[in-house]
>>> print(open('run_14.txt').read())   # compact mmCIF, C-alpha atoms
# COMPACT_ATOMS: atom_id res chain seq x y z
CA LEU A 9 8.88 -28.81 187.27
CA VAL A 10 9.80 -25.17 186.77
CA MET A 11 11.93 -23.93 183.89
CA THR A 12 13.72 -20.69 184.74
CA GLN A 13 15.27 -18.63 181.99
CA SER A 14 18.01 -16.07 182.46
CA PRO A 15 18.44 -13.32 181.93
CA ALA A 16 14.94 -11.92 181.62
CA THR A 17 16.27 -9.26 179.27
CA LEU A 18 19.48 -9.42 177.27
CA SER A 19 20.89 -6.37 175.50
CA VAL A 20 23.32 -7.24 172.72
CA SER A 21 24.83 -5.36 169.80
CA PRO A 22 24.50 -6.75 166.25
CA GLY A 23 27.41 -9.04 165.48
CA GLU A 24 27.96 -10.01 169.09
CA ARG A 25 27.18 -13.33 170.72
CA ALA A 26 24.09 -13.90 172.83
CA ILE A 27 23.62 -16.68 175.37
CA VAL A 28 20.26 -17.53 176.91
CA SER A 29 20.10 -20.01 179.76
CA CYS A 30 17.31 -22.30 180.87
CA ARG A 31 17.51 -24.09 184.21
CA ALA A 32 15.22 -26.90 185.30
CA SER A 33 14.11 -27.10 188.94
CA HIS A 34 15.17 -30.73 188.94
CA SER A 35 17.09 -32.93 186.58
CA VAL A 36 15.15 -33.86 183.47
CA SER A 37 15.71 -36.95 181.37
CA SER A 38 14.22 -35.44 178.26
CA THR A 39 15.60 -32.87 175.89
CA LEU A 40 14.80 -29.21 175.36
CA ALA A 41 13.27 -27.11 172.60
CA TRP A 42 13.76 -23.41 171.95
CA TYR A 43 11.38 -21.00 170.24
CA GLN A 44 11.68 -17.46 168.94
CA GLN A 45 8.69 -15.12 169.02
CA LYS A 46 8.37 -11.69 167.48
CA PRO A 47 5.62 -9.19 168.28
CA GLY A 48 2.30 -10.23 166.83
CA GLN A 49 3.68 -13.50 165.50
CA ALA A 50 3.42 -17.13 166.49
CA PRO A 51 6.42 -18.77 168.13
CA ARG A 52 8.87 -20.33 165.69
CA LEU A 53 10.74 -23.51 166.51
CA LEU A 54 14.50 -22.96 166.53
CA ILE A 55 15.97 -25.98 168.29
CA TYR A 56 14.61 -29.39 169.33
CA GLY A 57 16.28 -32.35 170.95
CA THR A 58 18.43 -29.81 172.86
CA SER A 59 20.80 -29.22 169.94
CA THR A 60 19.11 -29.99 166.59
CA ARG A 61 18.27 -26.97 164.49
CA ALA A 62 14.82 -26.93 162.96
CA THR A 63 14.43 -26.73 159.21
CA GLY A 64 15.61 -23.41 157.82
CA ILE A 65 17.22 -22.18 161.04
CA PRO A 66 20.65 -20.59 160.43
CA ALA A 67 23.77 -22.21 161.79
CA ARG A 68 24.45 -19.25 164.09
CA PHE A 69 21.79 -20.72 166.40
CA SER A 70 22.98 -23.59 168.59
CA GLY A 71 21.72 -25.39 171.65
CA SER A 72 23.42 -27.44 174.32
CA GLY A 73 23.01 -28.82 177.82
CA SER A 74 21.60 -31.68 179.85
CA GLY A 75 20.17 -32.45 183.26
CA THR A 76 19.23 -29.10 184.72
CA GLU A 77 21.22 -26.64 182.61
CA PHE A 78 20.52 -25.79 178.99
CA THR A 79 21.79 -23.01 176.75
CA LEU A 80 20.80 -21.32 173.51
CA THR A 81 23.65 -19.51 171.80
CA ILE A 82 23.38 -17.10 168.91
CA SER A 83 26.91 -16.70 167.63
CA SER A 84 26.66 -13.41 165.73
CA LEU A 85 23.45 -11.52 166.20
CA GLN A 86 21.61 -10.28 163.15
CA SER A 87 18.95 -7.58 163.22
CA GLU A 88 16.22 -10.16 162.63
CA ASP A 89 17.21 -12.14 165.75
CA PHE A 90 15.82 -9.70 168.26
CA GLY A 91 12.66 -10.80 170.01
CA LEU A 92 11.47 -13.17 172.71
CA TYR A 93 12.98 -16.59 173.29
CA TYR A 94 11.37 -19.48 175.17
CA CYS A 95 12.66 -22.84 176.26
CA GLN A 96 10.32 -25.83 176.54
CA GLN A 97 10.75 -29.16 178.27
CA TYR A 98 8.63 -32.28 177.79
CA ASN A 99 7.85 -34.90 180.37
CA ASN A 100 6.66 -38.16 178.88
CA TRP A 101 4.51 -39.49 181.67
CA PRO A 102 2.22 -38.01 182.46
CA PRO A 103 2.60 -35.96 179.28
CA MET A 104 3.36 -32.40 180.23
CA TYR A 105 5.02 -29.48 178.52
CA THR A 106 6.65 -26.76 180.58
CA PHE A 107 7.83 -23.46 179.13
CA GLY A 108 10.32 -21.02 180.53
CA GLN A 109 9.07 -17.54 181.26
CA GLY A 110 10.92 -16.08 178.28
CA THR A 111 13.97 -13.95 177.57
CA LYS A 112 13.72 -10.69 175.70
CA LEU A 113 16.66 -10.15 173.37
CA GLU A 114 16.98 -6.47 172.50
CA VAL A 115 19.32 -4.17 170.62
CA LYS A 116 22.02 -2.63 172.77
CA GLN B 13 3.46 -26.86 153.90
CA LEU B 14 1.44 -27.54 157.00
CA GLN B 15 -0.55 -24.59 158.29
CA LEU B 16 -2.85 -24.15 161.26
CA GLN B 17 -5.47 -21.49 161.79
CA GLU B 18 -7.47 -20.78 164.93
CA SER B 19 -11.04 -19.50 164.83
CA GLY B 20 -13.70 -18.66 167.37
CA PRO B 21 -15.23 -15.86 169.44
CA GLY B 22 -12.91 -13.13 170.62
CA LEU B 23 -15.07 -12.30 173.61
CA VAL B 24 -16.50 -14.71 176.17
CA LYS B 25 -18.48 -13.89 179.28
CA PRO B 26 -17.31 -15.03 182.70
CA SER B 27 -18.60 -18.47 183.73
CA GLU B 28 -19.30 -19.41 180.11
CA THR B 29 -17.44 -21.81 177.84
CA LEU B 30 -14.60 -20.78 175.57
CA SER B 31 -14.71 -22.72 172.29
CA LEU B 32 -12.06 -22.56 169.60
CA ILE B 33 -11.39 -24.52 166.43
CA CYS B 34 -8.06 -25.17 164.76
CA THR B 35 -8.18 -25.91 161.04
CA VAL B 36 -5.24 -27.83 159.62
CA SER B 37 -4.27 -27.43 155.98
CA GLY B 38 -1.45 -28.85 153.91
CA GLY B 39 -1.54 -32.18 155.69
CA SER B 40 -3.78 -34.72 157.36
CA ILE B 41 -4.77 -34.41 160.98
CA SER B 42 -4.76 -38.21 161.07
CA SER B 43 -1.00 -38.36 160.45
CA GLY B 44 0.46 -41.07 162.63
CA SER B 45 3.41 -38.99 163.71
CA SER B 46 1.56 -35.91 164.85
CA TYR B 47 -0.01 -34.69 168.02
CA TRP B 48 -2.20 -31.60 168.10
CA GLY B 49 -1.94 -29.12 170.91
CA TRP B 50 -3.31 -25.93 172.38
CA ILE B 51 -1.09 -23.38 174.10
CA ARG B 52 -2.07 -20.03 175.53
CA GLN B 53 -0.29 -16.82 176.41
CA PRO B 54 -1.91 -14.28 178.75
CA PRO B 55 -1.12 -10.66 177.88
CA GLY B 56 2.44 -9.83 178.90
CA LYS B 57 3.07 -13.33 180.24
CA GLY B 58 4.68 -16.54 179.11
CA LEU B 59 3.42 -19.64 177.37
CA GLU B 60 1.22 -22.26 179.03
CA TRP B 61 0.45 -25.66 177.56
CA ILE B 62 -3.27 -26.44 177.77
CA GLY B 63 -3.43 -29.92 176.32
CA SER B 64 -2.80 -32.20 173.37
CA LEU B 65 -4.58 -34.77 171.26
CA SER B 66 -2.78 -37.74 169.80
CA TYR B 67 -3.33 -39.15 166.34
CA SER B 68 -5.03 -42.12 167.99
CA GLY B 69 -7.49 -39.90 169.80
CA ASN B 70 -5.93 -39.91 173.25
CA THR B 71 -6.00 -36.64 175.11
CA TYR B 72 -3.57 -35.18 177.63
CA TYR B 73 -4.23 -32.07 179.68
CA ASN B 74 -2.32 -29.68 181.88
CA PRO B 75 -3.26 -30.75 185.43
CA SER B 76 -3.96 -27.13 186.35
CA LEU B 77 -6.72 -26.95 183.71
CA LYS B 78 -7.75 -30.57 183.40
CA SER B 79 -11.11 -30.22 185.15
CA ARG B 80 -12.23 -27.55 182.67
CA VAL B 81 -10.67 -28.59 179.35
CA THR B 82 -11.80 -30.82 176.53
CA ILE B 83 -9.91 -31.25 173.26
CA SER B 84 -11.56 -33.17 170.45
CA VAL B 85 -11.01 -33.89 166.76
CA ASP B 86 -13.13 -33.84 163.62
CA THR B 87 -11.14 -35.78 161.06
CA SER B 88 -13.75 -35.20 158.33
CA LYS B 89 -13.04 -31.47 158.53
CA ASN B 90 -9.33 -31.78 159.39
CA GLN B 91 -9.99 -29.78 162.54
CA PHE B 92 -9.51 -30.09 166.26
CA SER B 93 -11.18 -28.03 168.93
CA LEU B 94 -10.74 -26.65 172.42
CA ASN B 95 -13.47 -26.21 175.00
CA LEU B 96 -12.65 -24.46 178.27
CA THR B 97 -15.52 -24.21 180.73
CA SER B 98 -16.28 -21.79 183.56
CA VAL B 99 -13.92 -19.13 182.30
CA THR B 100 -12.76 -16.15 184.33
CA ALA B 101 -10.71 -13.07 183.53
CA ALA B 102 -7.60 -15.15 184.23
CA ASP B 103 -8.36 -17.12 181.07
CA THR B 104 -7.90 -14.03 178.90
CA ALA B 105 -5.06 -14.90 176.56
CA VAL B 106 -3.88 -15.48 173.04
CA TYR B 107 -4.78 -19.10 172.27
CA SER B 108 -2.65 -20.93 169.73
CA CYS B 109 -2.89 -24.34 168.19
CA ALA B 110 0.17 -26.23 167.09
CA ARG B 111 1.33 -29.55 165.76
CA GLY B 112 3.26 -31.58 168.26
CA ARG B 113 6.00 -33.97 167.29
CA LEU B 114 6.88 -36.88 169.53
CA GLU B 115 9.95 -39.00 169.04
CA CYS B 116 10.89 -41.85 171.35
CA SER B 117 14.07 -43.86 171.37
CA THR B 118 15.95 -44.19 174.66
CA ILE B 119 14.00 -41.16 175.80
CA CYS B 120 10.92 -39.42 174.50
CA GLU B 121 11.15 -35.86 173.31
CA SER B 122 8.47 -33.59 171.98
CA TRP B 123 8.08 -30.10 170.60
CA PHE B 124 5.61 -27.93 168.67
CA ASP B 125 6.03 -27.00 165.02
CA PRO B 126 4.37 -25.23 163.32
CA TRP B 127 2.06 -22.97 165.29
CA GLY B 128 -1.04 -21.14 164.25
CA GLN B 129 -1.04 -17.36 164.35
CA GLY B 130 -3.02 -17.34 167.58
CA THR B 131 -6.31 -15.70 168.48
CA LEU B 132 -6.97 -13.33 171.36
CA VAL B 133 -9.83 -14.33 173.62
CA ILE B 134 -10.99 -11.81 176.20
CA VAL B 135 -13.13 -12.91 179.10
CA SER B 136 -15.33 -10.03 180.13
CA SER B 137 -18.96 -9.23 180.75
>>> encode(input="run_14.txt", output="structure tokens")
Amino acid sequence: LVMTQSPATLSVSPGERAIVSCRASHSVSSTLAWYQQKPGQAPRLLIYGTSTRATGIPARFSGSGSGTEFTLTISSLQSEDFGLYYCQQYNNWPPMYTFGQGTKLEVK
Amino acid sequence: QLQLQESGPGLVKPSETLSLICTVSGGSISSGSSYWGWIRQPPGKGLEWIGSLSYSGNTYYNPSLKSRVTISVDTSKNQFSLNLTSVTAADTAVYSCARGRLECSTICESWFDPWGQGTLVIVSS
């Protein structure tokens, strides 16, 4: 299984909407998680179960999708939202986690 | 608040064994709902799952690393560890430990939260 994120780099102005896509190489029965990572910091869980926000994550972050196509949407970008974003899929048997290669969200 | 902290040598020689420890605080490593995982990130590259340890002691490894990886737990110290044998320069990476959550209903889904800060391990002579 390969998880392909697009775009690799996304340039967005503060206040605008950002959409990051994650495509699976074949249909997956499980759900997706999304993480945000800033330089020198550990990844932070944003979304699990494809669309459930983790504790403390603002409502401007939302996730959707199924099968092979998944999306992370940030409705109105704030300055603190810029960084790297990764999707992650889980296969139950054999247990295996696969991450996307990452999307860099930068200030336009 | 659950916290994880990695520790271990920052420099390992080629062909030797990389050994790291993850210390868990703010909660018990024996929690029935938690898995404990290791993930690495080579410089400038993406994330790679190394393996996980279940609360019952079962281990699961990335097939690409399985022959070289061992993850074990020390419940008395609330720690779990990673051993990676026969390392090469390709194993240079930031190694992070994380708590895995697994929920199964009609499907099983799993994710990592929280993560440790990560520790850079360089493989070089």
>>> atom_distance(input="run_14.txt", atom1="CA of Lys78 (chain B)", atom2="CA of Leu96 (chain B)")
9.4 Å
>>> closest_atom_pairs(input="run_14.txt", of="chain B", to="chain A", cutoff="8 Å", atoms="only C-alpha atoms", output="tab-separated table")
residue	atom	partner	partner_atom	distance
B:Lys57	CA	A:Gln109	CA	7.4
B:Gly58	CA	A:Gln109	CA	5.0
B:Leu59	CA	A:Phe107	CA	6.1
B:Glu60	CA	A:Phe107	CA	6.7
B:Trp61	CA	A:Tyr105	CA	6.0
B:Tyr72	CA	A:Pro103	CA	6.4
B:Tyr73	CA	A:Met104	CA	7.6
B:Asn74	CA	A:Met104	CA	6.5
B:Ser108	CA	A:Ala50	CA	7.9
B:Ile119	CA	A:Ser38	CA	6.2
B:Cys120	CA	A:Asn100	CA	6.2
B:Glu121	CA	A:Ser38	CA	5.8
B:Ser122	CA	A:Tyr98	CA	6.0
B:Trp123	CA	A:Ala41	CA	6.3
B:Phe124	CA	A:Leu53	CA	7.1
B:Asp125	CA	A:Leu53	CA	6.0
B:Pro126	CA	A:Arg52	CA	7.1
B:Trp127	CA	A:Ala50	CA	6.1
B:Gly128	CA	A:Ala50	CA	6.4
B:Gln129	CA	A:Ala50	CA	5.0
B:Gly130	CA	A:Ala50	CA	6.5
>>> atom_distance(input="run_14.txt", atom1="CA of Val10 (chain A)", atom2="CA of Ser64 (chain B)")
19.7 Å
>>> atom_distance(input="run_14.txt", atom1="CA of Gly112 (chain B)", atom2="CA of Gly39 (chain B)")
13.5 Å
>>> residues_around(input="run_14.txt", residues="Ile62 (chain B)", least_positions_apart="5", cutoff="8 Å", atoms="all atoms listed in the file", output="short mmCIF file (atom, residue, chain, number, x, y, z; two decimals) with C-alpha atoms, in the coordinates of the input")
data_model
loop_
_atom_site.label_atom_id
_atom_site.label_comp_id
_atom_site.auth_asym_id
_atom_site.auth_seq_id
_atom_site.Cartn_x
_atom_site.Cartn_y
_atom_site.Cartn_z
CA GLY B 49 -1.94 -29.12 170.91
CA TRP B 50 -3.31 -25.93 172.38
CA ILE B 51 -1.09 -23.38 174.10
CA ARG B 52 -2.07 -20.03 175.53
CA TYR B 73 -4.23 -32.07 179.68
CA ASN B 74 -2.32 -29.68 181.88
CA LEU B 77 -6.72 -26.95 183.71
CA VAL B 81 -10.67 -28.59 179.35
#
>>> residues_around(input="run_14.txt", residues="Pro55 (chain B)", least_positions_apart="6", cutoff="9 Å", atoms="only C-alpha atoms", output="VMD selection string")
chain B and resid 104 to 106
>>> residues_around(input="run_14.txt", residues="Glu88 (chain A)", least_positions_apart="3", cutoff="10 Å", atoms="all atoms listed in the file", output="list in words")
Pro22, Lys46, Leu85 and Gly91 of chain A
>>> closest_residue(input="run_14.txt", among="A:Ser74, A:Thr81, A:Ser87, A:Gln45", to="Gly23 (chain A)", atoms="only C-alpha atoms")
A:Ser87
>>> residues_around(input="run_14.txt", residues="Glu114 (chain A)", least_positions_apart="5", cutoff="7 Å", atoms="all atoms listed in the file", output="list in words")
Leu18, Ser19, Val20, Phe90 and Gly91 of chain A
>>> closest_residue(input="run_14.txt", among="B:Ser37, B:Ser117, B:Thr82, B:Asn70", to="Asn95 (chain B)", atoms="only C-alpha atoms")
B:Thr82
>>> closest_residue(input="run_14.txt", among="B:Thr118, B:Ser79, B:Gly44, B:Ser68", to="Thr97 (chain B)", atoms="all atoms listed in the file")
B:Ser79
>>> residues_around(input="run_14.txt", residues="Ser83 (chain A)", least_positions_apart="3", cutoff="9 Å", atoms="all atoms listed in the file", output="PyMOL selection string")
chain A and resi 23-27+67-70
>>> axis_aligned_box(input="run_14.txt", around="region 41-45 of chain A", padding_each_side="5 Å", output="AutoDock Vina command-line options")
--center_x 11.2 --center_y -21.1 --center_z 170.8 --size_x 15.1 --size_y 22.0 --size_z 13.7
